[in-house]
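Okay, run-v9.txt is below, compact mmCIF, C-alpha atoms:
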```txt
# COMPACT_ATOMS: atom_id res chain seq x y z
CA MET A 1 0.40 -26.26 7.82
CA SER A 2 3.93 -24.87 7.49
CA GLN A 3 6.69 -26.47 9.47
CA VAL A 4 8.25 -24.46 12.30
CA VAL A 5 11.98 -24.09 11.73
CA HIS A 6 14.13 -23.57 14.82
CA HIS A 7 17.04 -21.16 14.56
CA SER A 8 19.62 -23.94 14.78
CA ALA A 9 18.12 -25.64 11.73
CA TRP A 10 18.18 -22.69 9.32
CA SER A 11 21.51 -23.70 7.79
CA GLU A 12 20.29 -27.22 7.05
CA VAL A 13 16.96 -26.01 5.68
CA LEU A 14 18.45 -23.41 3.35
CA THR A 15 21.18 -25.75 2.13
CA GLU A 16 18.48 -28.24 1.17
CA SER A 17 16.50 -25.52 -0.60
CA PHE A 18 19.69 -24.36 -2.36
CA ASN A 19 20.42 -27.84 -3.67
CA GLN A 20 16.83 -28.24 -4.91
CA ARG A 21 16.88 -24.94 -6.76
CA VAL A 22 20.34 -25.36 -8.30
CA GLN A 23 19.25 -28.66 -9.83
CA ARG A 24 16.47 -26.82 -11.67
CA LEU A 25 18.74 -24.10 -13.05
CA PRO A 26 20.86 -24.23 -16.23
CA ASN A 27 24.18 -23.83 -14.40
CA ASP A 28 27.16 -26.09 -13.93
CA GLN A 29 29.37 -25.82 -10.86
CA ASN A 30 31.92 -23.69 -12.68
CA SER A 31 29.44 -21.10 -13.88
CA PHE A 32 29.41 -17.51 -12.67
CA PHE A 33 25.92 -17.79 -11.18
CA TYR A 34 26.66 -21.01 -9.35
CA GLN A 35 29.78 -19.56 -7.75
CA VAL A 36 27.90 -16.42 -6.66
CA ARG A 37 25.08 -18.51 -5.19
CA LYS A 38 27.48 -20.83 -3.40
CA ARG A 39 29.38 -17.92 -1.86
CA ALA A 40 26.13 -16.35 -0.67
CA LEU A 41 24.98 -19.62 0.90
CA THR A 42 28.25 -19.86 2.82
CA ASN A 43 27.79 -16.30 4.03
CA PHE A 44 24.21 -17.00 5.06
CA ASN A 45 25.25 -20.05 7.06
CA GLN A 46 27.70 -17.86 8.94
CA LEU A 47 25.22 -15.05 9.52
CA GLY A 48 21.96 -16.83 10.22
CA LEU A 49 18.69 -14.94 10.24
CA PRO A 50 18.60 -11.98 12.65
CA THR A 51 17.03 -12.32 16.08
CA LEU A 52 15.77 -9.62 18.42
CA LYS A 53 19.30 -9.43 19.85
CA ASN A 54 20.33 -7.85 16.55
CA GLU A 55 19.96 -4.09 17.09
CA ALA A 56 18.77 -3.51 13.52
CA TYR A 57 15.86 -5.93 14.08
CA LYS A 58 15.10 -5.06 17.69
CA TYR A 59 11.50 -4.10 16.93
CA THR A 60 10.98 -6.39 13.94
CA PRO A 61 10.78 -10.09 14.93
CA ILE A 62 11.07 -11.29 11.35
CA THR A 63 12.77 -14.65 12.03
CA GLY A 64 10.06 -15.87 14.38
CA VAL A 65 7.33 -14.72 12.00
CA LEU A 66 8.86 -16.48 9.00
CA SER A 67 9.64 -19.73 10.82
CA LYS A 68 6.03 -20.05 12.00
CA THR A 69 4.46 -19.21 8.65
CA PHE A 70 6.63 -20.69 5.89
CA ASP A 71 8.34 -23.95 5.02
CA PHE A 72 11.58 -22.95 3.33
CA ARG A 73 12.07 -26.49 2.06
CA GLN A 74 9.20 -26.09 -0.39
CA PRO A 75 10.11 -25.94 -4.08
CA PRO A 76 9.41 -22.76 -6.06
CA THR A 77 5.70 -22.24 -6.71
CA THR A 78 4.62 -22.16 -10.36
CA PRO A 79 2.27 -19.21 -10.97
CA THR A 80 -1.22 -20.02 -12.27
CA LEU A 81 -2.49 -16.48 -12.81
CA THR A 82 -4.46 -15.79 -15.97
CA SER A 83 -3.37 -13.08 -18.38
CA LYS A 84 -6.40 -11.06 -17.29
CA ALA A 85 -5.42 -11.29 -13.61
CA ILE A 86 -1.88 -10.21 -14.45
CA GLU A 87 -3.10 -7.27 -16.52
CA GLN A 88 -5.36 -6.17 -13.66
CA ALA A 89 -2.31 -6.03 -11.37
CA LEU A 90 -0.62 -3.48 -13.63
CA LEU A 91 -1.01 0.28 -13.34
CA ASN A 92 -2.37 0.62 -16.85
CA THR A 93 -3.14 4.32 -16.47
CA MET A 94 0.60 4.97 -16.64
CA ASP A 95 2.25 5.32 -20.05
CA ALA A 96 5.33 3.26 -19.27
CA HIS A 97 7.44 0.25 -20.05
CA HIS A 98 5.67 -2.46 -18.02
CA ILE A 99 8.11 -5.24 -17.04
CA VAL A 100 6.58 -8.27 -15.33
CA LEU A 101 8.09 -10.85 -13.01
CA LEU A 102 5.86 -13.72 -11.90
CA ASN A 103 6.95 -15.29 -8.62
CA GLY A 104 10.43 -13.90 -9.18
CA LYS A 105 10.86 -14.93 -12.85
CA PHE A 106 10.93 -12.51 -15.76
CA SER A 107 7.89 -12.95 -18.03
CA GLU A 108 8.55 -11.51 -21.46
CA LYS A 109 5.12 -12.72 -22.57
CA HIS A 110 3.30 -10.50 -20.08
CA SER A 111 5.63 -7.50 -20.29
CA PHE A 112 4.77 -4.47 -22.42
CA ILE A 113 7.96 -2.76 -23.55
CA ASN A 114 7.22 0.14 -25.87
CA GLY A 115 9.44 -0.15 -28.92
CA GLN A 116 12.91 -1.54 -29.48
CA ARG A 117 15.83 0.83 -29.00
CA LYS A 118 19.57 0.26 -28.84
CA ASP A 119 20.12 2.66 -25.96
CA LEU A 120 17.82 0.73 -23.59
CA VAL A 121 18.42 -2.90 -22.68
CA ILE A 122 15.90 -5.01 -20.74
CA LEU A 123 16.84 -8.67 -20.35
CA ASN A 124 16.56 -11.60 -17.99
CA PHE A 125 19.75 -12.45 -16.12
CA GLN A 126 20.86 -15.39 -18.24
CA GLU A 127 20.57 -13.41 -21.44
CA ALA A 128 22.14 -10.33 -19.83
CA TYR A 129 25.14 -12.37 -18.77
CA ARG A 130 25.45 -13.87 -22.26
CA GLN A 131 25.35 -10.48 -24.01
CA TYR A 132 27.05 -8.24 -21.42
CA GLY A 133 29.20 -10.68 -19.48
CA GLU A 134 31.94 -8.36 -18.20
CA VAL A 135 29.62 -5.46 -17.43
CA PHE A 136 27.19 -7.79 -15.67
CA ARG A 137 29.94 -9.47 -13.61
CA ASN A 138 31.34 -6.10 -12.55
CA HIS A 139 28.08 -5.10 -10.88
CA PHE A 140 25.90 -8.10 -10.08
CA ALA A 141 26.03 -8.96 -6.35
CA ARG A 142 28.90 -6.46 -5.92
CA HIS A 143 26.98 -3.63 -4.27
CA ALA A 144 24.33 -5.41 -2.20
CA ASN A 145 26.47 -7.02 0.51
CA ASP A 146 25.73 -10.68 1.18
CA GLU A 147 28.60 -10.82 3.67
CA THR A 148 26.83 -8.62 6.22
CA ASP A 149 23.10 -8.89 5.49
CA ALA A 150 21.41 -12.25 5.92
CA PHE A 151 18.45 -11.53 3.66
CA THR A 152 20.69 -10.32 0.85
CA ALA A 153 22.66 -13.55 1.23
CA LEU A 154 19.42 -15.55 1.22
CA ASN A 155 18.22 -13.91 -1.97
CA THR A 156 21.60 -14.25 -3.69
CA ALA A 157 21.76 -17.95 -2.83
CA LEU A 158 18.21 -18.82 -3.89
CA PHE A 159 17.13 -16.39 -6.63
CA GLU A 160 16.10 -17.99 -9.91
CA ASP A 161 15.91 -15.03 -12.26
CA GLY A 162 15.81 -11.26 -12.40
CA VAL A 163 15.65 -8.22 -14.65
CA PHE A 164 18.69 -6.40 -16.03
CA ILE A 165 18.10 -2.80 -17.17
CA LYS A 166 20.89 -0.89 -18.88
CA VAL A 167 20.50 2.72 -19.99
CA ALA A 168 23.19 3.85 -22.41
CA ASP A 169 25.36 6.93 -21.93
CA HIS A 170 23.80 10.29 -22.94
CA THR A 171 20.32 8.75 -23.10
CA VAL A 172 17.04 10.10 -21.76
CA ILE A 173 14.33 7.48 -21.27
CA GLU A 174 11.12 9.47 -21.37
CA LYS A 175 8.74 6.74 -20.24
CA PRO A 176 9.19 5.22 -16.77
CA LEU A 177 10.45 1.66 -16.45
CA ILE A 178 8.02 -0.10 -14.10
CA VAL A 179 8.97 -3.54 -12.80
CA TYR A 180 6.03 -5.49 -11.35
CA HIS A 181 6.99 -8.19 -8.87
CA ILE A 182 3.68 -10.07 -9.01
CA THR A 183 3.24 -12.82 -6.45
CA ASP A 184 0.66 -15.55 -7.01
CA ALA A 185 -0.63 -16.63 -3.60
CA ASN A 186 -3.94 -18.07 -4.76
CA LEU A 187 -3.30 -21.75 -4.09
CA HIS A 188 -0.27 -22.14 -1.81
CA ASN A 189 1.99 -20.30 0.59
CA THR A 190 4.57 -18.76 -1.72
CA ILE A 191 8.22 -17.74 -1.28
CA THR A 192 9.91 -15.71 -4.02
CA TYR A 193 13.34 -14.13 -4.51
CA PRO A 194 13.03 -11.38 -7.17
CA ARG A 195 16.12 -9.49 -8.26
CA LEU A 196 16.83 -6.29 -10.18
CA LEU A 197 20.02 -4.74 -11.55
CA VAL A 198 19.90 -1.24 -13.06
CA LEU A 199 22.87 0.46 -14.73
CA ALA A 200 22.31 4.12 -15.59
CA GLY A 201 25.03 5.33 -17.95
CA GLU A 202 26.89 8.63 -17.92
CA HIS A 203 24.70 11.70 -18.45
CA SER A 204 21.59 9.48 -18.66
CA GLN A 205 18.13 10.06 -17.20
CA CYS A 206 15.44 7.55 -16.30
CA SER A 207 12.68 6.68 -13.85
CA VAL A 208 12.55 3.14 -12.46
CA GLY A 209 9.73 1.74 -10.37
CA GLU A 210 9.33 -1.49 -8.46
CA PHE A 211 5.70 -2.28 -7.71
CA TYR A 212 4.74 -5.21 -5.49
CA PRO A 213 1.19 -6.47 -6.05
CA THR A 214 0.25 -9.82 -4.46
CA VAL A 215 -2.76 -11.76 -5.74
CA GLY A 216 -4.49 -14.30 -3.50
CA THR A 217 -5.11 -14.90 0.19
CA GLN A 218 -2.46 -17.48 1.02
CA ALA A 219 0.68 -16.35 2.84
CA SER A 220 3.50 -14.99 0.68
CA PHE A 221 7.08 -13.99 1.46
CA VAL A 222 8.94 -11.80 -1.03
CA ASN A 223 12.68 -11.42 -0.40
CA THR A 224 13.99 -8.97 -2.97
CA VAL A 225 17.36 -7.40 -3.79
CA SER A 226 17.79 -4.43 -6.11
CA GLU A 227 21.08 -2.86 -7.16
CA ILE A 228 20.91 0.58 -8.81
CA ILE A 229 24.14 2.02 -10.17
CA LEU A 230 24.42 5.64 -11.27
CA ALA A 231 27.38 6.57 -13.48
CA GLU A 232 28.77 10.10 -13.65
CA ASN A 233 26.08 12.75 -14.10
CA ALA A 234 23.28 10.20 -14.23
CA HIS A 235 19.82 11.22 -12.96
CA VAL A 236 17.59 8.44 -11.63
CA ALA A 237 14.19 8.52 -9.93
CA TYR A 238 13.45 5.26 -8.11
CA TYR A 239 9.94 4.35 -6.90
CA LYS A 240 9.01 1.48 -4.61
CA LEU A 241 5.28 0.87 -4.19
CA GLN A 242 3.95 -1.90 -1.93
CA THR A 243 0.31 -2.84 -2.58
CA HIS A 244 0.33 -6.43 -1.34
CA LYS A 245 -3.09 -7.90 -0.75
CA GLY A 246 -3.88 -10.73 1.61
CA ASN A 247 -1.32 -12.28 3.94
CA ALA A 248 1.88 -10.78 2.52
CA TYR A 249 5.36 -10.48 4.05
CA GLN A 250 8.34 -8.78 2.45
CA VAL A 251 11.98 -8.01 3.13
CA GLY A 252 13.54 -5.78 0.50
CA ASN A 253 17.14 -4.63 0.13
CA THR A 254 17.79 -1.77 -2.27
CA GLN A 255 21.42 -0.78 -2.73
CA CYS A 256 22.22 2.42 -4.65
CA TYR A 257 25.69 3.53 -5.71
CA GLN A 258 26.40 7.03 -7.03
CA ALA A 259 29.28 8.36 -9.08
CA LYS A 260 30.35 11.99 -9.53
CA GLN A 261 27.61 14.61 -9.97
CA SER A 262 24.84 12.02 -10.10
CA VAL A 263 21.37 12.73 -8.72
CA LEU A 264 19.14 10.11 -7.12
CA ASN A 265 15.56 10.58 -5.92
CA THR A 266 13.90 7.65 -4.12
CA TYR A 267 10.27 7.18 -3.10
CA THR A 268 9.20 4.33 -0.81
CA ILE A 269 5.42 4.03 -0.43
CA THR A 270 3.77 1.31 1.67
CA LEU A 271 0.00 0.98 1.34
CA GLU A 272 -0.61 -2.71 2.06
CA GLY A 273 1.14 -5.75 3.49
CA VAL A 274 1.12 -7.60 6.81
CA PHE A 275 4.84 -7.42 7.61
CA MET A 276 7.22 -5.22 5.60
CA ARG A 277 10.92 -4.50 6.05
CA ASN A 278 12.46 -1.98 3.63
CA ASN A 279 16.24 -1.60 3.65
CA LEU A 280 17.42 1.31 1.51
CA ASN A 281 21.16 1.97 1.38
CA VAL A 282 22.79 4.75 -0.64
CA VAL A 283 26.54 5.22 -1.13
CA LEU A 284 27.68 8.64 -2.36
CA ASN A 285 31.13 7.71 -3.56
CA ALA A 286 32.13 10.89 -5.39
CA GLU A 287 31.99 14.66 -5.12
CA HIS A 288 28.88 16.69 -5.88
CA CYS A 289 26.42 13.82 -5.57
CA GLU A 290 22.83 14.52 -4.56
CA THR A 291 20.34 12.18 -2.92
CA ASN A 292 16.72 12.85 -1.96
CA MET A 293 14.81 10.10 -0.13
CA TYR A 294 11.07 10.26 0.48
CA GLY A 295 8.87 7.74 2.25
CA LEU A 296 5.20 7.37 3.20
CA TYR A 297 3.52 4.54 5.08
CA LEU A 298 -0.21 4.29 5.79
CA LEU A 299 -0.82 1.53 8.34
CA ARG A 300 -3.89 -0.01 9.92
CA ARG A 301 -5.08 -3.21 11.60
CA LYS A 302 -1.97 -5.11 12.75
CA GLN A 303 0.36 -4.10 9.95
CA HIS A 304 4.07 -3.90 10.73
CA VAL A 305 6.33 -1.78 8.52
CA ASP A 306 10.02 -1.16 9.21
CA ASN A 307 11.94 1.38 7.11
CA HIS A 308 15.68 1.06 7.64
CA THR A 309 17.79 3.56 5.66
CA THR A 310 21.49 4.39 5.44
CA VAL A 311 23.17 7.22 3.58
CA ASP A 312 26.93 6.88 3.34
CA HIS A 313 28.77 10.10 2.45
CA GLN A 314 32.24 8.96 1.40
CA LYS A 315 33.46 12.01 -0.54
CA PRO A 316 33.21 15.81 -0.03
CA HIS A 317 30.74 18.34 -1.43
CA ALA A 318 27.72 16.03 -1.47
CA PHE A 319 24.11 16.59 -0.42
CA SER A 320 21.42 14.29 0.99
CA ASN A 321 17.92 14.98 2.21
CA GLU A 322 15.52 12.46 3.72
CA LEU A 323 11.84 12.83 4.63
CA TYR A 324 9.71 9.89 5.80
CA LYS A 325 6.14 10.23 7.08
CA GLY A 326 3.75 7.74 8.63
CA ILE A 327 0.04 7.59 9.46
CA ILE A 328 -0.55 4.73 11.89
CA ASN A 329 -3.95 3.51 13.04
CA GLU A 330 -5.52 0.71 15.09
CA GLN A 331 -2.90 -1.81 16.31
CA ALA A 332 -0.36 -1.17 13.57
CA THR A 333 3.37 -0.72 14.22
CA GLY A 334 5.81 1.47 12.39
CA VAL A 335 9.59 1.42 12.70
CA PHE A 336 11.98 4.01 11.29
CA ASN A 337 15.73 3.62 11.67
CA GLY A 338 17.72 6.09 9.61
CA LYS A 339 21.49 6.43 9.62
CA ILE A 340 23.69 9.04 8.02
CA TYR A 341 27.42 8.38 7.84
CA VAL A 342 29.86 11.17 7.03
CA ARG A 343 33.35 9.75 6.44
CA PRO A 344 36.56 11.61 7.40
CA HIS A 345 37.23 12.81 3.84
CA ALA A 346 33.62 13.90 3.23
CA GLN A 347 34.10 17.56 4.16
CA LYS A 348 31.51 20.13 3.03
CA THR A 349 28.73 17.55 3.34
CA ASN A 350 25.14 18.71 3.73
CA ALA A 351 22.89 15.99 5.14
CA PHE A 352 19.38 16.29 6.56
CA GLN A 353 16.96 13.69 7.86
CA SER A 354 13.40 13.95 9.17
CA ASN A 355 10.81 11.38 10.25
CA ASN A 356 7.30 12.48 11.25
CA ASN A 357 4.42 10.30 12.42
CA ILE A 358 0.77 10.65 13.36
CA LEU A 359 -0.84 8.06 15.63
CA LEU A 360 -4.60 7.72 15.23
CA SER A 361 -5.17 5.11 17.92
CA LYS A 362 -4.00 4.59 21.48
CA TYR A 363 -2.90 1.13 20.37
CA ALA A 364 -0.78 2.34 17.43
CA THR A 365 3.00 2.24 17.87
CA ILE A 366 6.05 3.87 16.31
CA HIS A 367 9.71 3.20 17.07
CA ALA A 368 11.83 5.96 15.55
CA LYS A 369 15.60 6.22 15.70
CA PRO A 370 17.29 8.81 13.47
CA GLN A 371 21.09 8.68 13.74
CA LEU A 372 24.16 10.62 12.66
CA GLU A 373 27.74 9.33 12.66
CA ILE A 374 30.11 12.09 11.61
CA TRP A 375 33.89 11.84 11.31
CA ALA A 376 34.36 15.18 9.48
CA ASP A 377 34.29 18.63 11.06
CA ASP A 378 33.24 20.95 8.20
CA VAL A 379 29.69 19.74 7.59
CA LYS A 380 26.04 20.76 7.94
CA CYS A 381 23.97 17.87 9.27
CA SER A 382 20.73 17.57 11.17
CA HIS A 383 18.19 14.91 12.03
CA GLY A 384 14.96 14.65 13.95
CA SER A 385 11.75 12.75 14.53
CA THR A 386 8.29 13.74 15.72
CA THR A 387 5.35 11.63 16.83
CA GLY A 388 1.94 12.91 17.84
CA GLN A 389 -1.77 13.03 17.18
CA LEU A 390 -3.83 15.34 15.03
CA ASP A 391 -3.54 18.93 16.15
CA ARG A 392 -6.67 19.68 18.19
CA GLN A 393 -6.48 23.40 17.51
CA GLN A 394 -6.34 22.85 13.75
CA LEU A 395 -9.21 20.39 14.01
CA PHE A 396 -11.25 22.89 16.08
CA TYR A 397 -10.50 25.64 13.53
CA LEU A 398 -11.98 23.55 10.70
CA ARG A 399 -14.94 22.37 12.78
CA ALA A 400 -15.71 25.96 13.77
CA ARG A 401 -16.16 26.77 10.07
CA GLY A 402 -18.87 24.17 9.63
CA ILE A 403 -16.70 21.31 8.34
CA HIS A 404 -17.78 17.85 9.43
CA GLU A 405 -15.35 16.15 11.83
CA LYS A 406 -14.63 13.28 9.43
CA THR A 407 -13.91 15.70 6.60
CA ALA A 408 -11.77 17.90 8.84
CA ARG A 409 -9.67 14.95 10.00
CA ASN A 410 -9.17 13.84 6.39
CA ILE A 411 -8.12 17.35 5.34
CA LEU A 412 -5.42 17.44 8.02
CA LEU A 413 -4.18 13.93 7.24
CA LYS A 414 -4.06 14.62 3.51
CA ALA A 415 -2.08 17.79 4.16
CA PHE A 416 0.34 15.79 6.31
CA ALA A 417 0.89 13.16 3.57
CA HIS A 418 0.91 15.71 0.76
CA GLU A 419 4.45 16.83 1.59
CA VAL A 420 5.70 13.45 0.36
CA ILE A 421 3.17 12.80 -2.42
CA GLU A 422 3.84 16.20 -4.03
CA LYS A 423 7.47 15.13 -4.57
CA VAL A 424 6.34 12.31 -6.90
CA ARG A 425 7.08 13.37 -10.47
CA LEU A 426 5.04 10.74 -12.32
CA ALA A 427 1.57 12.24 -12.81
CA ALA A 428 -0.25 8.91 -13.12
CA LEU A 429 1.41 7.58 -9.97
CA LYS A 430 0.65 10.78 -8.07
CA ASP A 431 -3.03 10.44 -9.04
CA TYR A 432 -3.01 6.81 -7.95
CA LEU A 433 -1.50 7.71 -4.57
CA ASN A 434 -3.97 10.51 -3.97
CA ASN A 435 -6.88 8.17 -4.74
CA ALA A 436 -5.40 5.46 -2.52
CA LEU A 437 -4.97 7.99 0.27
CA ASP A 438 -8.64 9.02 -0.04
CA GLU A 439 -9.74 5.38 0.14
CA LYS A 440 -7.63 4.68 3.20
CA LEU A 441 -8.75 7.80 5.02
CA ASN A 442 -12.39 7.01 4.31
CA ALA A 443 -11.81 3.50 5.64
CA LEU A 444 -10.72 4.99 8.96
CA HIS A 445 -14.32 5.99 9.61
CA SER A 446 -16.02 2.85 8.29
```

Starting from the file, give its structure as structure tokens.
Amino acid sequence: MSQVVHHSAWSEVLTESFNQRVQRLPNDQNSFFYQVRKRALTNFNQLGLPTLKNEAYKYTPITGVLSKTFDFRQPPTTPTLTSKAIEQALLNTMDAHHIVLLNGKFSEKHSFINGQRKDLVILNFQEAYRQYGEVFRNHFARHANDETDAFTALNTALFEDGVFIKVADHTVIEKPLIVYHITDANLHNTITYPRLLVLAGEHSQCSVGEFYPTVGTQASFVNTVSEIILAENAHVAYYKLQTHKGNAYQVGNTQCYQAKQSVLNTYTITLEGVFMRNNLNVVLNAEHCETNMYGLYLLRRKQHVDNHTTVDHQKPHAFSNELYKGIINEQATGVFNGKIYVRPHAQKTNAFQSNNNILLSKYATIHAKPQLEIWADDVKCSHGSTTGQLDRQQLFYLRARGIHEKTARNILLKAFAHEVIEKVRLAALKDYLNNALDEKLNALHS
């Protein structure tokens, strides 16, 4: 039984956990990592975990859920998964660089990186700091803000390891780089703090995926931070796929930073998980940047998924487009909170945002809040959200042509989700998503 932690005790609990973890790590008190962790712990103690009084977590009672389910004093859990179980968690149909983290720690043994090349670097954090000290220091924990976000501070204070990916200038990485954050929840409740840092060089191109499979039926909490930095004219496709099994909880913070003429496409897909919070923040800090953000969540039972996005236009002549869609059934709850900021100097900005949802049950819930904050006057911006049920006229049209009701409903739902899935550029992943969608839609009628 996990110990309930009252709000007033979080500082004491996390300080104790911090001290336990630091003793296990190869860092002295003057090291770079120790100083970063110590700063983040101080920030966390000032912030505390968010309550329902925090507007950003108004519909997502994460603090109460965590305090009742997990004991944050517990030491890190050592994974016991077999090599076969780990291999089964990978998307082997995809020809890719498969990079594995087990309970938040990089596992070179279980990773499958196709060939050695000088223009692609994949290292754990200790080795990355040793080989690329100045570059690493300039970006690690500099973009994801542990001064304002409690979960970023929590991760930065308590992470043990992570993956550093560096793509050299003028380099095209043909095969996608897929990072698997595998959580072993077979024997114990598990808390992990995975971390990722991606540096895409000038005029480079790559696809990066973060997949989150959880193995086992015990409760697991994954608190992850990812920093993705695009240099001038870089093109990056970023995929986040949540396929947690069992009793899984996750809070993820993905911070993207774009330089001049860079292009970023993001895809956030939630298929499984009890309680998910996805924070995706993009800063367009130069002219002629482009950002496209796509999301799809398929929810049932009592799942709770909260997608919280921000797009920060800081310079002129930039473009952003956002499309998130949700299919929500039974007693599941979806939350969408999207913000677009257009700063005073960001004239000639084009920014569009759309969130659409279908509710399949009278008990299903969606809280949608698209927002614009514009301080410039020469812009084109729009936002909107729709929530409804399947169109009865469309359903009648299909039924009138002899199509079974179950099949007709599935056709309409697949067409609704297809607008997001068709944007996925990785063929193997697109096939996987289409198959997963078929399975979930068939389960609606079981």

Q) So which one's closest to A:Thr51, A:Ala150, A:Asn329, A:His288, A:Leu81? Using only C-alpha atoms, please. A) A:Ala150

Q: For stretch 255-259 of chain A, list every protein, DNA or RNA residue within 8 Å, evaluated using all atoms listed in the file, and leave out those in the same chain fewer than 2 positions away; present the list as a list in words.
A: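 With the cut-off at 8 Å, the set is His143, Ala144, Val225, Ser226, Glu227, Ile228, Ile229, Leu230, Ala231, Glu232, Asn233, Asn253, Gln261, Ser262, Val263, Leu264, Leu280, Asn281, Val282, Val283, Leu284, Asn285, Ala286, Glu287 and Cys289 of chain A.
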
Q: Mind giving me the straight-line distance from atom CA of A:Thr217 to atom CA of A:Thr82 in Å, one decimal?
A: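 About the pair atom CA of A:Thr217 and atom CA of A:Thr82: they are 16.2 Å apart.
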
(Q) Please list as a VMD selection string every residue within 7 Å of A:Val167, counting all atoms listed in the file and excluding residues in the same chain fewer than 5 positions away. (A) chain A and resid 119 to 121 199 to 201 204

Q.
For a test of reading the model, state the distance in Å between atom CA of A:Thr386 and atom CA of A:Tyr212, rounded to one decimal.
A.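 So the two atoms, atom CA of A:Thr386 and atom CA of A:Tyr212, lie 28.7 Å apart.
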
(Q) When you look at A:Leu398 with a cut-off of 12 Å (counting all atoms listed in the file), what residues show up, excluding the ones that are within fewer than 3 positions of it in the same chain? I need them as a PyMOL selection string. (A) chain A and resi 391-395+401-412

(Q) Give me, as number ranges by chain, all polymer residues having an atom no more than 12 Å from A:Val424, counting only C-alpha atoms and skipping those fewer than 2 positions away in the same chain. (A) A: 207, 209, 237-241, 265-269, 292-296, 417-422, 426-434

For the residues in that selection, give me C-alpha atoms as a tab-separated table (two decimals), in the frame of the given file.
```tsv
chain	number	residue	atom	x	y	z
A	207	SER	CA	12.68	6.68	-13.85
A	209	GLY	CA	9.73	1.74	-10.37
A	237	ALA	CA	14.19	8.52	-9.93
A	238	TYR	CA	13.45	5.26	-8.11
A	239	TYR	CA	9.94	4.35	-6.90
A	240	LYS	CA	9.01	1.48	-4.61
A	241	LEU	CA	5.28	0.87	-4.19
A	265	ASN	CA	15.56	10.58	-5.92
A	266	THR	CA	13.90	7.65	-4.12
A	267	TYR	CA	10.27	7.18	-3.10
A	268	THR	CA	9.20	4.33	-0.81
A	269	ILE	CA	5.42	4.03	-0.43
A	292	ASN	CA	16.72	12.85	-1.96
A	293	MET	CA	14.81	10.10	-0.13
A	294	TYR	CA	11.07	10.26	0.48
A	295	GLY	CA	8.87	7.74	2.25
A	296	LEU	CA	5.20	7.37	3.20
A	417	ALA	CA	0.89	13.16	3.57
A	418	HIS	CA	0.91	15.71	0.76
A	419	GLU	CA	4.45	16.83	1.59
A	420	VAL	CA	5.70	13.45	0.36
A	421	ILE	CA	3.17	12.80	-2.42
A	422	GLU	CA	3.84	16.20	-4.03
A	426	LEU	CA	5.04	10.74	-12.32
A	427	ALA	CA	1.57	12.24	-12.81
A	428	ALA	CA	-0.25	8.91	-13.12
A	429	LEU	CA	1.41	7.58	-9.97
A	430	LYS	CA	0.65	10.78	-8.07
A	431	ASP	CA	-3.03	10.44	-9.04
A	432	TYR	CA	-3.01	6.81	-7.95
A	433	LEU	CA	-1.50	7.71	-4.57
A	434	ASN	CA	-3.97	10.51	-3.97
```

(Q) Excluding A:Lys380 and its own-chain neighbours fewer than 2 positions away, which residues fall within 8 Å of it when counting all atoms listed in the file? Please give them as an NGL selection string. (A) :A and (348-351 or 378 or 382)

Q) What is the atom CA of A:Glu330-atom CA of A:Asn357 distance in Å, reported with one decimal? A) 14.1 Å

Residues of stretch 125-170 of chain A at most 8 Å from stretch 88-105 of chain A: nearest atom pair and distance in Å, all atoms listed in the file, as JSON lines:
```
{"residue": "A:Phe159", "atom": "CA", "partner": "A:Gly104", "partner_atom": "CA", "distance": 7.6}
{"residue": "A:Glu160", "atom": "CA", "partner": "A:Lys105", "partner_atom": "CA", "distance": 6.7}
{"residue": "A:Asp161", "atom": "CA", "partner": "A:Lys105", "partner_atom": "CA", "distance": 5.1}
{"residue": "A:Gly162", "atom": "CA", "partner": "A:Lys105", "partner_atom": "CA", "distance": 6.2}
```

Give me the stretch 248-284 of chain A side of the contact with stretch 185-194 of chain A, cut-off 10 Å, one line per residue showing its nearest atom pair and distance in Å at one decimal, counting all atoms listed in the file, sorted by chain and residue number, as a tab-separated table.
```
residue	atom	partner	partner_atom	distance
A:Ala248	CA	A:Ala185	CA	8.8
A:Tyr249	CA	A:Ile191	CA	9.4
A:Gln250	CA	A:Thr192	CA	9.6
A:Val251	CA	A:Tyr193	CA	9.9
A:Gly252	CA	A:Pro194	CA	9.5
```

For stretch 321-326 of chain A, supply N, CA and C atoms and report the output as a compact mmCIF listing (two decimals), in the coordinates of the input.
```
# COMPACT_ATOMS: atom_id res chain seq x y z
N ASN A 321 19.09 14.52 1.48
CA ASN A 321 17.92 14.98 2.21
C ASN A 321 16.95 13.81 2.32
N GLU A 322 16.40 13.60 3.50
CA GLU A 322 15.52 12.46 3.72
C GLU A 322 14.28 12.90 4.49
N LEU A 323 13.11 12.52 3.97
CA LEU A 323 11.84 12.83 4.63
C LEU A 323 10.93 11.61 4.55
N TYR A 324 10.63 11.03 5.71
CA TYR A 324 9.71 9.89 5.80
C TYR A 324 8.55 10.28 6.71
N LYS A 325 7.33 9.92 6.29
CA LYS A 325 6.14 10.23 7.08
C LYS A 325 5.26 8.99 7.22
N GLY A 326 4.62 8.87 8.39
CA GLY A 326 3.75 7.74 8.63
C GLY A 326 2.44 8.13 9.28
```
